[in-house]
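Below you'll find the structure, written out as structure tokens, and then a few comments.
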Amino acid sequence: MSATKMVSLTIEGRAVSVPEGTTILEAAKAAGVLVPHYCYHPGLPVAGVCRMCLVEVEKFPKLAPSCATAVGEGQVVHVYSEKALEARKGVLELLLINHPLDCPICDQAGECELQDYTFQEGRADSRYREPKRFNPVEDFGGDVLYVTNRCILCTRCVRFMDDVHEAPVLCVSERGDRAVISKAADADLTQPWAANVIDLCPVGALVSKDFLNKARAWELDRTASVCPGCSQGCNTVLETRDNVVMRMKPRPNDAVNQFYLCDVGRLDYHWMNRADRLESPKIRLADVLSPVDWEIALGQAAEALRGRRAYVVASPQLSNEALFLLKRLIGATGGEGAFRCATGPEAPLPGVDDLALRADRAPNVRGAELLGFTRRDGDLLAGLKSGDVLVVAGDALDGVDLRRAVDAATVIVVGTVLPVGLPTPVAVLPIANVAEEEGTFTNLRGRVQRFLQAKAAPGLARPSWYALADLATAAGAPSDDCALPSRAFAALAAAEPAFSGMSYDALGLRGAVVAGAEVAR
Amino acid sequence: MGINVKVMERPVGEASYVRATLKGLALTLKHLVDPHRVTIQYPEEKWDLSPRWRGTHRMLTTEDGKAKCVACGLCPTVCPANCIKLVPGEDETGNRYPLVFEIDEFRCIFCGYCQEVCPEEAIHLGRHYENAEFNRERFVYDLERLTAQTHPVSTLWDPADPRGE
């Protein structure tokens with residue numbers, strides 16, 4: 001079938017067969033054995049500098065670095081033999097000679113590989129009695145702080161900047177025990193993808209300024225999500241503590257973002273915690289908004305929509321499910337849908353194919369287009385006719401010329417905040433934001449990806465699919481088949497040919513590409 | 001028909017109360033001249049606490065009067081009663097420092113794990129038992145109160161017999 005030759009070998013007594021040229025470390029991974037390592041990273045060129053991945057291979061004269069040794073037919077590899085453990089214990093002791101052991105104040109504590117492997121295989125105490133080397137903390141620019149003393153010189157950051165970012169800003173300077181990572185004098189890490197060195201750093205040497213001293217790694221709850229920063233749709237992990245998003249980190253997905261997340265996306269989570277949210281449904285009573293029950297607000301919205309055309313302004317921040325239900329609403333009222341998308345400069349990551357911070361700074365532009373919404377970046381309300389009902393869904397309408405809305409329309413707001421400058425809406429329906437609900441986004445290559453709920457929505461706010469299913473039902477487009485996000489997605493998959501055959505179970509956490517989209521990579 | 005009542009005959013020497021009364025008075029007299037005291041005259045007298053006594057907490061300070069705590073988060077993690085609230089942050093010189101450090105002494109079970117786990121030897125249990133307050137809120141000790149307290153601290157083990165042998 002394939003031309004690649006398979007090589008069979010035994011690792012820790014487990015037989016495994018891998019393609020020729022695979023490293024022992026990767027073969028061990030396939031066999032379910034994790035060889036401790038620092039300098040090796042699957043996304044970076046092999047350096048073989050940390051000596052942590054030494055394993056014993058039978059008939060080899062000495063221990064082999066498993067990250068840089070290719071597998072051979074019939075090899076017998078021992079990862080946890082006495083000789084290998086002794087060697088790695090020695091490596092750890094040397095790495096810890098100048099390490100400050102300041103775990104109590106180190107942000108990496110709890111997710112530090114130096115901590116983990118020392119606990120697993122290292123010595124219980126140090127034999128080093130001389131004073132430790134000391135270097136001050138250095139600001140590397142961007143979001144990155146370099147705590148020199150903690151560095152183990154694995155050079156992952158240097159290789160990332162050289163070979164993946166292709167902006168050679170970092171290097172190892174000085175020699176021997178004085179060696180440190182330093183940056184070029186005239187440049188720093190204020191670069192679109194540079195903060196990935198924080199995730200790549202196996203110890204606490206490169207830390208995020210944004211996350212500095214904010215939380216401990218073991219306190220955080222982790223939820224699989226998708227970055228809402230641009231149409232690339234990088235897979236992320238939202239890390240929350242006490243219902244507050246503390247940081248966003250990349251989640252590996254070879255088909256989208258490999259191991260990386262850009263700085264813009266990484267720091268684009270603060271708005272998820274904003275406190276000035278719509279918390280209760282409201283209706284207009286004597287030109288003033290009053291909080292009411294959901295049923296009353298939905299009834300009021302249905303009343304306003306009766307016999308009139310709905311002009312829906314949707315946000316490309318909304319999920320496919322929400323946009324689909326808005327489409328049903330449009331269908332029931334004979335209206336039309338429009339959206340706009342903020343744009344910014346595109347910033348590719350040179351070392352990875354088809355990965356960039358995209359110009360369209362919203363996650364679901366493709367989904368909105370597939371579901372029949374018209375992009376109107378210029379005049380968002382161009383299609384609004386006199387007597388229409390303007391349904392504002394998710395968009396805060398900053399910087400939009402609202403004169404047309406003031407003249408023409410009755411307004412219904414479905415959103416997280418109340419847009420400023422609109423005539424008083426007849427009904428306001430509060431919805432959850434991306435961190436507070438489940439749903440899917442379609443990225444610019446047509447990949448449909450799920451995001452999960454990381455925190456609770458404020459007050460009476462409901463997930464967008466919930467609120468919009470009720471609104472569609474009230475407006476005469478029965479949507480009782482959308483009682484769960486998975487069912488809303490199933491209804492979407494049944495109705496839209498592009499999404500046919502998809503389901504939450506089939507998407508998993510890797511996503512699937514819509515029918516008719518060009519296959520990316 | 002009469003009822004037969006059996007009249008017990010007791011020896012006069014054993015049945016008399018005189019002997020027992022004198023015995024009791026003799027004991028009282030003995031304690032009067034040779035006090036064998038168990039009761040402590042609290043509050044004039046205070047109990048001598050064991051070095052292992054685990055009472056309400058104290059936060060030790062550095063020479064410049066700041067709490068030694070670096071907000072590493074180990075004590076709230078190890079606390080089985082979940083009584084420690086800690087919010088980490090930075091002090092004015094940029095060092096890691098607790099913005100909020102509160103111990104709910106009502107929830108605390110005085111196990112001593114927080115003292116044992118502390119890498120900075122900052123939080124300690126106290127050799128102290130006089131904790132009366134006029135309201136419940138006062139039993140949530142904040143950082144200011146924990147650092148201001150001056151009572152001696154627990155050693156958690158007996159210095160004369162550290163291994164408990």
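Letters A, B, ... go to the chains of the structure tokens in the order shown; residues in each chain start at 1; ligands are counted from 1 in the same order.
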
Backbone DSSP call of alpha helix (DSSP H) for range 89-139 of chain B, listed as a VMD selection string: chain B and resid 113 to 117

Okay, now the selection with C-alpha atoms, as a CSV table (one decimal), in the first residue's frame?
```csv
chain,number,residue,atom,x,y,z
B,113,TYR,CA,-0.8,20.5,57.2
B,114,CYS,CA,-0.5,24.2,56.2
B,115,GLN,CA,2.5,24.7,58.5
B,116,GLU,CA,4.0,21.4,57.4
B,117,VAL,CA,3.6,22.2,53.7
```

Got a sec: who's within 10 Å of Ser479 in chain A, counting only C-alpha atoms, leaving out chain neighbours fewer than 6 positions off, as a list in words? Leu325, Arg328, Leu329, Tyr466, Leu468, Ala469, Asp470, Leu471, Ala472, Thr473, Ala488 and Ala491 of chain A

I'd like the contact shell of Lys89 in chain A - 10 Å cut-off, only C-alpha atoms, skipping same-chain residues fewer than 4 positions apart - returned as a list in words. Met52, Lys83, Ala84, Leu85, Glu93, Leu94, Leu95, Tyr117, Thr118, Gln120, Glu121, Gly122 and Arg123 of chain A

Please find the residues of chain A near chain B - the criterion being any atom within 12 Å, counting only C-alpha atoms - and write them as a list in words. Leu101, Asp102, Cys103, Pro104, Ile105, Cys106, Asp107, Gln108, Ala109, Gly110, Val137, Lys209, Asp210, Phe211, Leu212, Asn213, Lys214, Ala215, Arg216, Ala217, Trp218, Glu219, Leu220, Arg241 and Asp242 of chain A

C-alpha atoms of the current selection, written as an mmCIF file, in the first residue's frame:
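Final output, saved to again.cif:
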```cif
data_model
loop_
_atom_site.group_PDB
_atom_site.id
_atom_site.type_symbol
_atom_site.label_atom_id
_atom_site.label_comp_id
_atom_site.auth_asym_id
_atom_site.auth_seq_id
_atom_site.Cartn_x
_atom_site.Cartn_y
_atom_site.Cartn_z
ATOM 1 C CA LEU A 101 14.393 25.858 43.190
ATOM 2 C CA ASP A 102 12.001 28.777 43.600
ATOM 3 C CA CYS A 103 8.981 26.633 42.777
ATOM 4 C CA PRO A 104 6.813 28.437 45.374
ATOM 5 C CA ILE A 105 7.003 31.681 43.380
ATOM 6 C CA CYS A 106 7.359 30.157 39.902
ATOM 7 C CA ASP A 107 4.358 30.296 37.559
ATOM 8 C CA GLN A 108 5.343 27.014 35.935
ATOM 9 C CA ALA A 109 5.059 25.046 39.192
ATOM 10 C CA GLY A 110 2.549 22.266 38.711
ATOM 11 C CA VAL A 137 15.327 38.665 35.229
ATOM 12 C CA LYS A 209 3.624 38.777 31.835
ATOM 13 C CA ASP A 210 -0.126 38.648 31.448
ATOM 14 C CA PHE A 211 -0.443 35.533 33.616
ATOM 15 C CA LEU A 212 2.404 36.417 36.019
ATOM 16 C CA ASN A 213 1.487 35.573 39.631
ATOM 17 C CA LYS A 214 -2.202 35.284 38.764
ATOM 18 C CA ALA A 215 -2.974 31.639 39.472
ATOM 19 C CA ARG A 216 -1.382 28.289 40.158
ATOM 20 C CA ALA A 217 -1.458 25.652 37.429
ATOM 21 C CA TRP A 218 -3.244 23.090 39.583
ATOM 22 C CA GLU A 219 -6.103 25.434 40.488
ATOM 23 C CA LEU A 220 -7.214 25.864 36.889
ATOM 24 C CA ARG A 241 -10.565 29.552 38.126
ATOM 25 C CA ASP A 242 -13.681 30.417 40.129
#
```

List the spatial neighbours of range 42-47 of chain B as a PyMOL selection string - criterion: any atom at most 12 Å away, only C-alpha atoms, same-chain residues fewer than 5 positions off excluded. chain B and resi 53+127-130

Please produce a file of the residues just selected, as a PDB file, in the first residue's frame, where the atoms kept are N, CA and C atoms.
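Output below, filename part_0.pdb:
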```
ATOM      1  N   TRP B  53       1.241  21.621  70.653  1.00  0.00           N
ATOM      2  CA  TRP B  53      -0.131  22.144  70.675  1.00  0.00           C
ATOM      3  C   TRP B  53      -0.458  22.852  69.361  1.00  0.00           C
ATOM      4  N   ARG B 127       0.567  28.193  69.715  1.00  0.00           N
ATOM      5  CA  ARG B 127       0.372  27.547  71.018  1.00  0.00           C
ATOM      6  C   ARG B 127      -0.470  28.519  71.833  1.00  0.00           C
ATOM      7  N   HIS B 128      -1.768  28.415  71.630  1.00  0.00           N
ATOM      8  CA  HIS B 128      -2.642  29.490  72.057  1.00  0.00           C
ATOM      9  C   HIS B 128      -4.065  28.958  72.044  1.00  0.00           C
ATOM     10  N   TYR B 129      -4.851  29.322  73.055  1.00  0.00           N
ATOM     11  CA  TYR B 129      -6.218  28.812  73.034  1.00  0.00           C
ATOM     12  C   TYR B 129      -7.259  29.855  73.436  1.00  0.00           C
ATOM     13  N   GLU B 130      -6.842  31.088  73.682  1.00  0.00           N
ATOM     14  CA  GLU B 130      -7.812  32.094  74.114  1.00  0.00           C
ATOM     15  C   GLU B 130      -8.329  32.857  72.903  1.00  0.00           C
TER      16      GLU B 130
END
```

Expected answer as a ChimeraX atom specification: strand (DSSP E or B) residues in chain B: /B:55-59,61,67,84-90,96-104,123-126,140-141,153
